[in-house]
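**Q** What follows is the file final-v4.txt, containing compact mmCIF, C-alpha atoms:
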```
# COMPACT_ATOMS: atom_id res chain seq x y z
CA PRO A 669 -9.06 -28.06 1.45
CA VAL A 670 -8.71 -29.15 5.09
CA THR A 671 -11.45 -31.77 4.76
CA GLU A 672 -9.98 -33.06 1.52
CA LEU A 673 -6.52 -33.47 3.04
CA VAL A 674 -7.64 -35.42 6.12
CA THR A 675 -10.19 -37.61 4.32
CA GLY A 676 -8.71 -37.97 0.85
CA ILE A 677 -12.11 -37.06 -0.62
CA ASP A 678 -12.38 -34.54 -3.46
CA LEU A 679 -15.50 -32.64 -2.37
CA VAL A 680 -15.78 -30.47 -5.48
CA LYS A 681 -15.55 -33.49 -7.76
CA LEU A 682 -18.30 -35.20 -5.76
CA GLN A 683 -20.52 -32.12 -6.01
CA PHE A 684 -20.27 -32.21 -9.79
CA ARG A 685 -20.99 -35.94 -9.89
CA ILE A 686 -24.05 -35.57 -7.67
CA ALA A 687 -25.27 -32.58 -9.70
CA SER A 688 -25.07 -34.73 -12.83
CA GLY A 689 -27.37 -37.32 -11.26
CA GLU A 690 -24.92 -39.79 -9.76
CA VAL A 691 -25.41 -41.30 -6.32
CA LEU A 692 -22.98 -40.56 -3.49
CA PRO A 693 -20.67 -43.62 -3.58
CA PHE A 694 -20.23 -43.92 0.20
CA THR A 695 -21.94 -43.19 3.53
CA GLN A 696 -20.80 -41.08 6.46
CA ALA A 697 -19.72 -44.24 8.26
CA ASP A 698 -17.22 -44.91 5.47
CA VAL A 699 -15.40 -41.60 6.00
CA ARG A 700 -12.22 -41.87 8.01
CA GLN A 701 -10.04 -38.99 9.17
CA ARG A 702 -6.28 -39.40 8.88
CA GLY A 703 -3.85 -36.93 10.42
CA HIS A 704 -4.44 -33.23 10.89
CA ALA A 705 -4.68 -30.24 8.56
CA ILE A 706 -4.73 -26.51 9.31
CA GLU A 707 -5.50 -23.68 6.91
CA CYS A 708 -4.38 -20.06 7.06
CA ARG A 709 -5.90 -17.42 4.83
CA VAL A 710 -3.48 -14.74 3.73
CA TYR A 711 -5.16 -11.37 3.31
CA ALA A 712 -3.97 -8.06 1.93
CA GLU A 713 -4.98 -6.22 5.08
CA ASP A 714 -3.52 -4.26 7.98
CA PRO A 715 -4.02 -5.99 11.35
CA HIS A 716 -2.92 -2.79 13.12
CA ASN A 717 -5.67 -0.79 11.41
CA ASN A 718 -8.65 -2.94 12.36
CA PHE A 719 -7.77 -5.35 9.52
CA LEU A 720 -8.52 -2.72 6.89
CA PRO A 721 -7.94 -4.10 3.36
CA SER A 722 -4.67 -3.04 1.75
CA THR A 723 -4.48 -2.11 -1.93
CA GLY A 724 -1.61 -1.65 -4.34
CA THR A 725 0.71 -3.61 -6.61
CA VAL A 726 2.30 -6.84 -5.43
CA HIS A 727 5.89 -6.42 -6.58
CA THR A 728 6.97 -9.89 -5.46
CA PHE A 729 5.00 -12.99 -4.53
CA ILE A 730 6.70 -16.25 -3.58
CA ALA A 731 4.51 -19.15 -2.46
CA PRO A 732 5.88 -21.93 -0.26
CA GLN A 733 6.77 -25.16 -2.01
CA MET A 734 7.19 -28.07 0.36
CA PRO A 735 5.73 -31.54 0.95
CA ASN A 736 2.24 -31.74 2.45
CA VAL A 737 1.65 -28.02 2.00
CA ARG A 738 -1.08 -26.90 -0.37
CA VAL A 739 -1.39 -23.35 -1.69
CA ASP A 740 -4.58 -22.12 -3.34
CA THR A 741 -3.97 -18.73 -4.92
CA TYR A 742 -4.44 -16.67 -8.04
CA LEU A 743 -1.69 -14.20 -7.15
CA GLN A 744 1.39 -13.53 -9.25
CA SER A 745 4.13 -10.94 -8.98
CA SER A 746 3.05 -7.56 -10.46
CA ASP A 747 -0.66 -8.25 -9.84
CA ALA A 748 -2.73 -5.36 -8.49
CA ILE A 749 -4.84 -5.67 -5.36
CA SER A 750 -7.99 -3.63 -5.99
CA ILE A 751 -10.69 -2.26 -3.72
CA HIS A 752 -13.25 -4.00 -5.93
CA TYR A 753 -12.44 -7.57 -4.84
CA ASP A 754 -12.05 -9.64 -1.69
CA PRO A 755 -8.61 -8.97 -0.14
CA MET A 756 -7.91 -12.67 0.41
CA ILE A 757 -4.91 -13.53 -1.75
CA ALA A 758 -4.03 -17.10 -0.76
CA LYS A 759 -4.99 -20.14 1.27
CA ILE A 760 -2.07 -22.05 2.74
CA ILE A 761 -2.87 -25.48 4.13
CA ALA A 762 -0.48 -27.80 5.95
CA TYR A 763 -1.03 -31.50 6.66
CA ASP A 764 0.77 -33.82 9.08
CA THR A 765 0.12 -36.76 11.38
CA THR A 766 -0.59 -34.64 14.49
CA ARG A 767 -1.94 -31.17 15.21
CA GLU A 768 1.39 -30.05 16.65
CA ALA A 769 3.29 -31.20 13.57
CA ALA A 770 0.74 -29.56 11.26
CA ILE A 771 1.12 -26.26 13.14
CA ALA A 772 4.91 -26.44 12.86
CA LYS A 773 4.70 -27.18 9.15
CA LEU A 774 2.26 -24.32 8.59
CA GLN A 775 4.58 -21.95 10.46
CA GLN A 776 7.41 -23.05 8.20
CA ALA A 777 5.24 -22.48 5.13
CA LEU A 778 4.27 -18.98 6.27
CA ARG A 779 7.93 -18.11 6.85
CA ALA A 780 8.63 -19.16 3.26
CA THR A 781 5.83 -16.97 1.90
CA VAL A 782 6.86 -13.58 0.50
CA VAL A 783 4.43 -10.79 -0.41
CA LEU A 784 6.05 -7.42 -1.13
CA GLY A 785 4.16 -4.28 -2.11
CA VAL A 786 1.06 -4.50 0.06
CA THR A 787 0.46 -4.95 3.77
CA THR A 788 -0.60 -8.49 4.69
CA ASN A 789 -1.57 -10.48 7.77
CA LEU A 790 1.38 -12.91 7.45
CA ASP A 791 3.09 -11.78 10.67
CA PHE A 792 -0.26 -11.83 12.47
CA LEU A 793 -0.86 -15.42 11.37
CA GLN A 794 2.60 -16.42 12.56
CA ALA A 795 1.99 -14.88 15.97
CA LEU A 796 -1.42 -16.55 16.15
CA LEU A 797 -0.01 -20.01 15.47
CA ALA A 798 2.69 -19.48 18.11
CA HIS A 799 0.30 -18.28 20.82
CA PRO A 800 0.13 -20.75 23.75
CA VAL A 801 -3.67 -20.70 23.96
CA PHE A 802 -3.95 -21.65 20.28
CA ALA A 803 -1.21 -24.26 20.63
CA ALA A 804 -3.15 -25.83 23.51
CA GLY A 805 -6.31 -25.98 21.41
CA GLN A 806 -8.25 -23.82 23.86
CA ILE A 807 -9.64 -21.37 21.31
CA HIS A 808 -13.27 -20.27 21.15
CA THR A 809 -15.33 -17.61 19.39
CA ALA A 810 -14.10 -14.85 21.71
CA TYR A 811 -10.45 -15.89 21.48
CA LEU A 812 -9.27 -12.95 19.37
CA ASP A 813 -11.24 -10.44 21.41
CA GLU A 814 -9.40 -11.66 24.51
CA HIS A 815 -5.92 -12.10 23.02
CA LEU A 816 -5.69 -9.66 20.11
CA ALA A 817 -3.01 -7.56 21.82
CA ASP A 818 -0.91 -10.71 22.27
CA VAL A 819 -0.94 -11.74 18.62
CA LEU A 820 -0.62 -8.37 16.91
CA PRO A 821 3.00 -8.17 15.73
CA PRO A 822 4.90 -5.14 17.11
CA LEU A 823 5.03 -2.11 14.88
CA LEU A 824 8.43 -1.15 13.54
CA GLU A 825 9.47 2.01 15.34
CA VAL A 826 11.42 4.48 13.21
CA SER A 827 12.93 7.50 14.92
CA ILE A 828 12.52 11.03 13.56
CA ALA A 829 16.31 11.26 13.30
CA ALA A 830 16.41 8.17 11.07
CA LEU A 831 13.72 9.61 8.79
CA ILE A 832 15.59 12.91 8.50
CA ALA A 833 18.85 11.09 7.73
CA ALA A 834 17.15 9.02 5.02
CA ALA A 835 15.59 12.13 3.45
CA LEU A 836 18.92 13.99 3.47
CA SER A 837 20.68 11.02 1.93
CA GLU A 838 18.13 10.84 -0.87
CA GLN A 839 18.34 14.59 -1.43
CA ARG A 840 22.14 14.41 -1.53
CA ALA A 841 22.02 11.65 -4.15
CA ILE A 842 19.89 13.91 -6.34
CA VAL A 843 21.61 17.25 -5.79
CA LEU A 844 25.31 16.34 -6.00
CA PRO A 845 25.18 15.06 -9.62
CA LEU A 846 23.29 18.21 -10.63
CA ILE A 847 25.95 20.41 -9.06
CA LYS A 848 28.74 18.47 -10.77
CA ALA A 849 27.01 18.64 -14.15
CA ALA A 850 26.55 22.40 -13.77
CA GLN A 851 30.23 22.82 -12.88
CA ASP A 852 31.28 20.78 -15.92
CA GLY A 853 29.12 22.96 -18.16
CA ASP A 854 27.59 19.98 -19.98
CA ALA A 855 23.87 20.68 -20.19
CA TYR A 856 23.28 17.42 -22.07
CA SER A 857 24.95 15.16 -19.53
CA PRO A 858 22.63 12.45 -18.19
CA TRP A 859 23.86 13.48 -14.75
CA ALA A 860 22.21 16.88 -15.24
CA HIS A 861 18.75 15.34 -14.89
CA ALA A 862 17.31 14.04 -11.61
CA ASP A 863 15.16 11.42 -13.30
CA GLY A 864 16.05 8.35 -11.24
CA PHE A 865 18.76 7.12 -13.63
CA ARG A 866 21.38 5.00 -11.89
CA LEU A 867 24.55 3.57 -13.39
CA GLY A 868 24.23 -0.19 -13.81
CA GLY A 869 20.52 -0.04 -12.94
CA ARG A 870 21.23 0.43 -9.25
```
Could you show the structure in this file as structure tokens?
**A**
Amino acid sequence: PVTELVTGIDLVKLQFRIASGEVLPFTQADVRQRGHAIECRVYAEDPHNNFLPSTGTVHTFIAPQMPNVRVDTYLQSSDAISIHYDPMIAKIIAYDTTREAAIAKLQQALRATVVLGVTTNLDFLQALLAHPVFAAGQIHTAYLDEHLADVLPPLLEVSIAALIAAALSEQRAIVLPLIKAAQDGDAYSPWAHADGFRLGGR
């Protein structure tokens, strides 16, 4: 996708034409690069767990829709991410006249991307694009080994007290209707069953 955006050449189409016996209609000297394109690959994986693939159901997927941003994906809301397939779920490619502008556009596209239900590397990619070494174009094959701690997004810290409060609140929401139904003596009341029913679907 990156090559296609900066050259305007459809590589896959050319591969089919050559495979069918046609001659390549241009030479390397004819190829001109215009602008800059950067691709990020969105994975269902946990950067904090050595990039271990993440499985589960994607409850919500929203892809960015903006000029000069291309999204290659199969993913739809309610799709399942299985252990039997590659965890890559999307390629997001941004194009602009300069590298700096392409980075900014890609950051905007990643912010507009929503994947709920599985852990992804979206925050990691955002931190990577914002890192000064990457912004300066000084990356190399050992870049992540040297700067991984800098680009791993901070883990959300939840206190034990907050977890206890959340558990008690959930328990209270279940128990109080049961107590009221028992006091009213109506065994057939929908409130006498802790089955997740909520008035108005909430």
**Q** Counting all atoms listed in the file, which residue out of A:Asp754, A:Asp764, A:Glu713, A:Asp852 sits closest to A:Gly785?
**A**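 Counting all atoms listed in the file, the residue closest to A:Gly785 is A:Glu713.
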**Q** Find the spatial neighbours of A:Thr671, counting only C-alpha atoms, within a cut-off of 10 Å - ignore same-chain residues fewer than 4 positions away - and output them as a list in words.
**A**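 Neighbouring residues, sequence-local ones excluded: Thr675, Gly676, Ile677, Asp678, Leu679, Gln701, His704, Ala705 and Ile706 of chain A.
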**Q** Select, from A:Ala731, A:Cys708, A:Leu720, A:Leu823, the residue with the minimum atom-to-atom distance to A:Leu797, counting all atoms listed in the file.
**A**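 Distance minimum relative to A:Leu797 lands on A:Cys708.
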**Q** Which residue is closest to A:Asp714? Choose from A:Ala687, A:Val782, A:Leu790, A:Ala830 and count all atoms listed in the file.
**A**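 Smallest distance to A:Asp714 is found for A:Leu790.
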**Q** Which residue out of A:Ala762, A:Gln733, A:Gln744, A:Glu814 has the minimum interatomic distance to A:Glu672 when only C-alpha atoms are used?
**A**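 Closest to A:Glu672, using only C-alpha atoms: A:Ala762.
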**Q** For each of A:Val819, A:Ile749, A:Leu784, A:Val699, take the minimum atom-to-atom distance to A:Thr723, counting only C-alpha atoms, then give the residue where this is smallest.
**A**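 The shortest atom-to-atom distance to A:Thr723 comes from A:Ile749.
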**Q** Kindly indicate which residue among A:Asp818, A:Val786, A:Arg779, A:Pro755 lies nearest to A:Val726, using all atoms listed in the file for the distances.
**A**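 Looking only at the distances to A:Val726, the closest residue turns out to be A:Val786.
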**Q** What does the distance from atom CA of A:Arg709 to atom CA of A:Asn736 come to in Å, to one decimal?
**A** 16.6 Å
**Q** Rounded to one decimal, what separation in Å do you get between atom CA of A:Ile807 and atom CA of A:Arg767?
**A**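 Computed distance, atom CA of A:Ile807 to atom CA of A:Arg767, equals 13.9 Å.
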**Q** How many Å separate atom CA of A:Gln839 from atom CA of A:Thr728?
**A** 27.3 Å
**Q** Within 12 Å of A:Pro735, counting all atoms listed in the file, which residues qualify if same-chain residues fewer than 3 places away don't, as number ranges by chain?
**A** A: 732, 738-739, 761-764, 770, 773-774, 776-777
**Q** Produce the centre coordinates and the three edge lengths, each in Å to one decimal, of the box along x, y and z that contains all listed atoms of stretch 713-724 of chain A with 3 Å added on each side, as AutoDock Vina command-line options.
**A**
```
--center_x -5.1 --center_y -3.5 --center_z 4.4 --size_x 13.0 --size_y 11.4 --size_z 23.5
```
